[in-house]
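Colleague: Got a structure for you, query-v5.cif, holding mmCIF, C-alpha atoms.
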data_model
loop_
_atom_site.label_atom_id
_atom_site.label_comp_id
_atom_site.auth_asym_id
_atom_site.auth_seq_id
_atom_site.Cartn_x
_atom_site.Cartn_y
_atom_site.Cartn_z
CA LEU A 1 172.37 137.39 125.98
CA VAL A 2 175.86 136.42 124.87
CA GLU A 3 177.53 136.65 128.25
CA ALA A 4 176.46 137.78 131.72
CA LEU A 5 179.48 139.72 132.96
CA GLN A 6 177.87 140.56 136.29
CA ASN A 7 174.45 139.95 137.78
CA ASP A 8 173.04 143.12 136.16
CA PHE A 9 175.49 143.69 133.28
CA GLY A 10 176.09 141.74 130.11
CA LEU A 11 177.11 141.52 126.49
CA PHE A 12 174.16 141.08 124.14
CA ARG A 13 173.81 140.20 120.46
CA VAL A 14 170.81 140.93 118.30
CA GLU A 15 170.24 140.06 114.65
CA ALA A 16 167.34 141.96 113.15
CA THR A 17 165.78 143.36 110.02
CA ILE A 18 164.09 146.72 109.76
CA LYS A 19 161.46 146.12 107.10
CA SER A 20 161.34 148.30 104.00
CA LYS A 21 157.83 149.40 105.01
CA ASP A 22 159.20 150.88 108.24
CA MET A 23 162.24 152.42 106.55
CA ASN A 24 159.99 154.02 103.91
CA GLU A 25 157.73 155.33 106.68
CA TYR A 26 160.76 157.02 108.32
CA LEU A 27 161.73 158.50 104.96
CA ASN A 28 158.20 159.78 104.34
CA GLU A 29 158.12 161.33 107.84
CA TYR A 30 161.41 163.06 107.03
CA LYS A 31 160.04 164.38 103.74
CA ALA A 32 156.85 165.60 105.44
CA GLU A 33 158.92 167.41 108.07
CA MET A 34 160.99 169.12 105.37
CA LYS A 35 157.78 170.17 103.61
CA ARG A 36 156.24 171.40 106.88
CA ARG A 37 159.35 173.49 107.55
CA LYS A 38 159.24 174.72 103.94
CA VAL A 39 162.81 173.65 103.32
CA LEU A 40 163.66 174.57 99.77
CA PHE A 41 166.40 173.25 97.56
CA PRO A 42 167.10 175.31 94.43
CA GLY A 43 164.99 174.05 91.54
CA PHE A 44 162.76 171.82 93.73
CA ARG A 45 159.39 172.31 95.43
CA ALA A 46 159.17 172.36 99.24
CA GLY A 47 159.42 168.82 100.58
CA VAL A 48 160.91 167.44 97.37
CA LEU A 49 164.38 166.11 98.00
CA PRO A 50 166.91 166.39 95.18
CA PRO A 51 169.15 163.42 94.36
CA TYR A 52 172.28 165.18 95.63
CA VAL A 53 170.98 165.19 99.24
CA MET A 54 169.64 161.63 99.24
CA GLY A 55 172.95 160.09 100.38
CA ASP A 56 172.91 162.13 103.59
CA ILE A 57 169.21 161.46 104.09
CA ARG A 58 169.64 157.70 103.63
CA ARG A 59 172.40 157.73 106.26
CA TYR A 60 170.09 159.59 108.63
CA ILE A 61 167.18 157.18 107.97
CA VAL A 62 169.32 154.09 108.67
CA CYS A 63 170.55 155.59 111.95
CA TYR A 64 167.02 156.61 112.89
CA GLY A 65 165.78 153.08 112.15
CA LEU A 66 168.54 151.59 114.33
CA GLU A 67 167.83 154.03 117.14
CA THR A 68 164.12 153.22 117.01
CA LEU A 69 164.49 149.43 116.90
CA LEU A 70 167.30 149.19 119.47
CA GLY A 71 165.54 151.69 121.71
CA GLN A 72 162.37 149.60 121.64
CA LEU A 73 164.38 146.46 122.34
CA GLY A 74 166.05 148.13 125.32
CA ASN A 75 162.74 149.43 126.68
CA MET A 76 160.99 146.06 126.31
CA ASN A 77 163.77 144.30 128.20
CA ASP A 78 164.67 146.97 130.78
CA LEU A 79 168.14 147.37 129.30
CA LYS A 80 170.28 150.49 129.48
CA PHE A 81 172.93 150.57 126.74
CA CYS A 82 176.43 151.31 127.99
CA GLY A 83 180.07 150.83 127.14
CA PRO A 84 182.18 147.77 128.05
CA ASP A 85 183.17 149.40 131.36
CA ARG A 86 179.54 150.32 132.17
CA GLU A 87 180.23 153.89 131.05
CA GLU A 88 177.50 156.05 129.57
CA ILE A 89 177.30 156.10 125.78
CA ARG A 90 175.74 158.46 123.25
CA PHE A 91 172.89 156.28 122.06
CA GLY A 92 171.86 157.07 118.49
CA ASP A 93 175.28 158.37 117.52
CA ASP A 94 177.11 157.09 114.41
CA GLU A 95 180.26 156.55 116.49
CA TYR A 96 178.35 154.18 118.77
CA TYR A 97 176.93 152.23 115.82
CA LYS A 98 180.44 151.86 114.38
CA GLN A 99 181.32 150.06 117.62
CA ILE A 100 178.31 147.77 117.96
CA ILE A 101 177.16 146.91 114.40
CA VAL A 102 179.15 143.88 113.28
CA ASN A 103 180.33 143.29 109.74
CA ASP A 104 177.68 141.64 107.60
CA PHE A 105 177.98 138.49 105.46
CA ARG A 106 179.66 140.58 102.73
CA GLY A 107 182.23 141.88 105.20
CA TYR A 108 180.67 145.37 105.12
CA SER A 109 181.29 147.59 108.14
CA PHE A 110 178.47 149.65 109.64
CA GLU A 111 179.35 152.64 107.47
CA LYS A 112 179.29 150.60 104.27
CA GLN A 113 176.02 148.88 105.29
CA ARG A 114 174.50 152.28 106.07
CA ASP A 115 175.78 153.93 102.89
CA THR A 116 174.58 151.14 100.57
CA TRP A 117 171.01 151.01 101.90
CA LYS A 118 168.45 152.13 99.32
CA GLU A 119 164.84 153.10 99.87
CA GLY A 120 162.37 150.30 99.18
CA THR A 121 164.67 147.68 100.73
CA ASP A 122 164.98 146.09 104.16
CA PHE A 123 167.93 146.91 106.41
CA SER A 124 169.33 143.79 108.09
CA PHE A 125 172.05 143.99 110.71
CA ALA A 126 173.66 142.32 113.70
CA ALA A 127 174.75 144.24 116.78
CA GLU A 128 176.76 143.30 119.84
CA PHE A 129 176.44 145.71 122.73
CA HIS A 130 176.87 145.99 126.47
CA ALA A 131 173.90 146.84 128.67
CA ILE A 132 172.85 147.12 132.28
CA SER A 133 169.66 145.30 133.19
CA ASP A 134 167.06 145.92 135.85
CA LYS A 135 166.57 142.13 135.97
CA PRO A 136 169.17 139.55 137.04
CA LEU A 137 171.06 138.24 134.02
CA ILE A 138 172.48 135.09 135.57
CA ASP A 139 170.72 132.12 133.93
CA ALA A 140 169.03 134.44 131.40
CA GLU A 141 169.08 133.07 127.87
CA GLU A 142 167.02 135.27 125.59
CA ILE A 143 165.57 138.72 125.54
CA ALA A 144 162.24 139.68 124.03
CA VAL A 145 162.28 140.96 120.49
#
Written as structure tokens, that's how I'd like the structure from this file.
Modeller:
Amino acid sequence: LVEALQNDFGLFRVEATIKSKDMNEYLNEYKAEMKRRKVLFPGFRAGVLPPYVMGDIRRYIVCYGLETLLGQLGNMNDLKFCGPDREEIRFGDDEYYKQIIVNDFRGYSFEKQRDTWKEGTDFSFAAEFHAISDKPLIDAEEIAV
């Protein structure tokens, strides 16, 4: 918790790493789904992803990893993600991540962090977001990770 703005509403910050093992698992699930659906790219077997689509797929995998990790964090701590005025947000949407993922140590924005991730590597990030809590936030210091 960075700041309790009201008894049930606050600004939170999380710094986390999605391990390469998990990211690769998401990628393998994606590939298996493409194979199951018999998605074909010209010149490639079903389920085999050509290099020219990997950029889009990497972007999807990073967003899926963020959605999974942040969703688990919210569920574990009874937090409902929202905007700075308590408004509903589109959780899992790139536009939302552009707002909450802070620049990394290299000065990379969310989009640059997302676009430079490569399979076989961890994805580390920091996010600052507003959330409504089912528990009182006054005097709260940390949330479970």
Colleague: May I have a table of the residues of range 49-78 of chain A lying at most 12 Å from range 1-15 of chain A, giving each one's closest pair of atoms and their distance in Å to one decimal, counting all atoms listed in the file, ordered by chain and ascending residue number, as JSON lines?
Modeller:
{"residue": "A:Leu66", "atom": "CA", "partner": "A:Val14", "partner_atom": "CA", "distance": 11.6}
{"residue": "A:Leu69", "atom": "CA", "partner": "A:Val14", "partner_atom": "CA", "distance": 10.7}
{"residue": "A:Leu70", "atom": "CA", "partner": "A:Val14", "partner_atom": "CA", "distance": 9.1}
{"residue": "A:Leu73", "atom": "CA", "partner": "A:Val14", "partner_atom": "CA", "distance": 9.4}
{"residue": "A:Gly74", "atom": "CA", "partner": "A:Phe12", "partner_atom": "CA", "distance": 10.8}
{"residue": "A:Asn77", "atom": "CA", "partner": "A:Leu1", "partner_atom": "CA", "distance": 11.3}
{"residue": "A:Asp78", "atom": "CA", "partner": "A:Asp8", "partner_atom": "CA", "distance": 10.7}
Colleague: Please produce a file of those selected residues containing C-alpha atoms, as an mmCIF file, keeping the file's coordinate frame.
Modeller:
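Saved file result.cif follows:
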data_model
loop_
_atom_site.group_PDB
_atom_site.id
_atom_site.type_symbol
_atom_site.label_atom_id
_atom_site.label_comp_id
_atom_site.auth_asym_id
_atom_site.auth_seq_id
_atom_site.Cartn_x
_atom_site.Cartn_y
_atom_site.Cartn_z
ATOM 1 C CA LEU A 66 168.540 151.590 114.330
ATOM 2 C CA LEU A 69 164.490 149.430 116.900
ATOM 3 C CA LEU A 70 167.300 149.190 119.470
ATOM 4 C CA LEU A 73 164.380 146.460 122.340
ATOM 5 C CA GLY A 74 166.050 148.130 125.320
ATOM 6 C CA ASN A 77 163.770 144.300 128.200
ATOM 7 C CA ASP A 78 164.670 146.970 130.780
#
Colleague: Quick one: distance from CA of Phe81 in chain A to CA of His130 in chain A in Å, one decimal?
Modeller: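 Here the two named atoms are 6.0 Å from each other.
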Colleague: Applying 9 Å and all atoms listed in the file, which residues near range 86-91 of chain A remain after dropping the ones on its own chain fewer than 2 positions away? List them as a PDB file with C-alpha atoms, in the frame of the given file.
Modeller:
ATOM      1  CA  PHE A   9     175.490 143.690 133.280  1.00  0.00           C
ATOM      2  CA  GLU A  67     167.830 154.030 117.140  1.00  0.00           C
ATOM      3  CA  GLY A  71     165.540 151.690 121.710  1.00  0.00           C
ATOM      4  CA  PHE A  81     172.930 150.570 126.740  1.00  0.00           C
ATOM      5  CA  CYS A  82     176.430 151.310 127.990  1.00  0.00           C
ATOM      6  CA  GLY A  83     180.070 150.830 127.140  1.00  0.00           C
ATOM      7  CA  PRO A  84     182.180 147.770 128.050  1.00  0.00           C
ATOM      8  CA  ASP A  93     175.280 158.370 117.520  1.00  0.00           C
ATOM      9  CA  ASP A  94     177.110 157.090 114.410  1.00  0.00           C
ATOM     10  CA  GLU A  95     180.260 156.550 116.490  1.00  0.00           C
ATOM     11  CA  TYR A  96     178.350 154.180 118.770  1.00  0.00           C
ATOM     12  CA  TYR A  97     176.930 152.230 115.820  1.00  0.00           C
ATOM     13  CA  HIS A 130     176.870 145.990 126.470  1.00  0.00           C
ATOM     14  CA  ALA A 131     173.900 146.840 128.670  1.00  0.00           C
ATOM     15  CA  ILE A 132     172.850 147.120 132.280  1.00  0.00           C
TER      16      ILE A 132
END
Colleague: On this structure, which residues satisfy the PyMOL selection byres ((chain A and resi 120) around 8), written as a compact mmCIF listing (two decimals) with C-alpha atoms, keeping the file's coordinate frame?
Modeller:
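This is the output file selection.txt:
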# COMPACT_ATOMS: atom_id res chain seq x y z
CA SER A 20 161.34 148.30 104.00
CA LYS A 21 157.83 149.40 105.01
CA MET A 23 162.24 152.42 106.55
CA ASN A 24 159.99 154.02 103.91
CA LYS A 118 168.45 152.13 99.32
CA GLU A 119 164.84 153.10 99.87
CA THR A 121 164.67 147.68 100.73
CA ASP A 122 164.98 146.09 104.16
Colleague: Run through the PyMOL selection byres ((chain A and resi 28) around 12) on the given coordinates and return the selected residues as a list in words.
Modeller: Ser20, Lys21, Asp22, Met23, Asn24, Glu25, Tyr26, Leu27, Glu29, Tyr30, Lys31, Ala32, Glu33, Met34, Lys35, Gly47, Val48, Leu49, Ile57, Arg58, Ile61, Glu119 and Gly120 of chain A
Colleague: Could you please determine the separation between CA of Ser124 in chain A and CA of Gly65 in chain A in Å, to one decimal place?
Modeller: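 Calculated distance between CA of Ser124 in chain A and CA of Gly65 in chain A is 10.7 Å.
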Colleague: Check which residues satisfy the PyMOL selection byres ((chain A and resi 127) around 7) in the file shown, then give them as a VMD selection string.
Modeller: chain A and resid 13 to 15 100 to 102 125 to 126 128 to 129
Colleague: Any idea what the distance is between CA of Arg106 in chain A and CA of Gln72 in chain A?
Modeller: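 Computing the Euclidean distance for CA of Arg106 in chain A and CA of Gln72 in chain A yields 27.2 Å.
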Colleague: Using only C-alpha atoms, which of A:Arg37, A:Trp117, A:Leu79, A:Lys112 sits nearest Ile18 in chain A?
Modeller: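 Ranking A:Arg37, A:Trp117, A:Leu79, A:Lys112 by distance to Ile18 in chain A, first place goes to A:Trp117.
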Colleague: May I ask which of the residues A:Cys63, A:Met54, A:Pro42, A:Phe123 is the closest one to Asp104 in chain A, counting only C-alpha atoms?
Modeller: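 Closest to Asp104 in chain A, using only C-alpha atoms: A:Phe123.
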Colleague: Calculated over all atoms listed in the file, which of the candidates A:Phe110, A:Tyr64, A:Phe105, A:Phe41 has the smallest distance to Gly92 in chain A?
Modeller: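 Checking each of A:Phe110, A:Tyr64, A:Phe105, A:Phe41 against Gly92 in chain A, counting all atoms listed in the file, the winner is A:Tyr64.
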Colleague: Taking N, CA, C and O atoms as the atom set, what does range 90-105 of chain A look like once completed, written as a short mmCIF file (atom, residue, chain, number, x, y, z; two decimals), in the coordinates of the input?
Modeller:
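What follows is the written file selection21.cif:
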data_model
loop_
_atom_site.label_atom_id
_atom_site.label_comp_id
_atom_site.auth_asym_id
_atom_site.auth_seq_id
_atom_site.Cartn_x
_atom_site.Cartn_y
_atom_site.Cartn_z
N ARG A 90 176.65 157.57 123.98
CA ARG A 90 175.74 158.46 123.25
C ARG A 90 174.90 157.61 122.31
O ARG A 90 175.28 157.35 121.18
N PHE A 91 173.78 157.14 122.83
CA PHE A 91 172.89 156.28 122.06
C PHE A 91 172.36 157.06 120.87
O PHE A 91 171.98 158.21 120.98
N GLY A 92 172.35 156.42 119.70
CA GLY A 92 171.86 157.07 118.49
C GLY A 92 172.93 157.78 117.70
O GLY A 92 172.66 158.39 116.69
N ASP A 93 174.16 157.68 118.16
CA ASP A 93 175.28 158.37 117.52
C ASP A 93 176.00 157.42 116.56
O ASP A 93 176.20 156.25 116.88
N ASP A 94 176.39 157.92 115.39
CA ASP A 94 177.11 157.09 114.41
C ASP A 94 178.34 156.41 115.03
O ASP A 94 178.63 155.26 114.71
N GLU A 95 179.05 157.12 115.88
CA GLU A 95 180.26 156.55 116.49
C GLU A 95 179.91 155.31 117.31
O GLU A 95 180.67 154.34 117.32
N TYR A 96 178.78 155.33 117.99
CA TYR A 96 178.35 154.18 118.77
C TYR A 96 178.00 153.02 117.84
O TYR A 96 178.39 151.88 118.09
N TYR A 97 177.29 153.30 116.76
CA TYR A 97 176.93 152.23 115.82
C TYR A 97 178.16 151.61 115.18
O TYR A 97 178.18 150.41 114.91
N LYS A 98 179.18 152.40 114.93
CA LYS A 98 180.44 151.86 114.38
C LYS A 98 181.02 150.81 115.33
O LYS A 98 181.64 149.85 114.89
N GLN A 99 180.80 150.99 116.63
CA GLN A 99 181.32 150.06 117.62
C GLN A 99 180.48 148.80 117.76
O GLN A 99 181.02 147.72 118.00
N ILE A 100 179.16 148.91 117.64
CA ILE A 100 178.31 147.77 117.96
C ILE A 100 177.77 147.00 116.76
O ILE A 100 177.41 145.84 116.90
N ILE A 101 177.67 147.62 115.59
CA ILE A 101 177.16 146.91 114.40
C ILE A 101 178.31 146.08 113.84
O ILE A 101 179.36 146.61 113.50
N VAL A 102 178.09 144.77 113.75
CA VAL A 102 179.15 143.88 113.28
C VAL A 102 179.13 143.79 111.75
O VAL A 102 178.10 144.06 111.11
N ASN A 103 180.26 143.44 111.19
CA ASN A 103 180.33 143.29 109.74
C ASN A 103 179.29 142.28 109.27
O ASN A 103 179.07 141.26 109.93
N ASP A 104 178.69 142.55 108.12
CA ASP A 104 177.68 141.64 107.60
C ASP A 104 178.32 140.50 106.81
O ASP A 104 179.55 140.38 106.75
N PHE A 105 177.49 139.67 106.19
CA PHE A 105 177.98 138.49 105.46
C PHE A 105 178.89 138.86 104.29
O PHE A 105 179.67 138.05 103.82
#
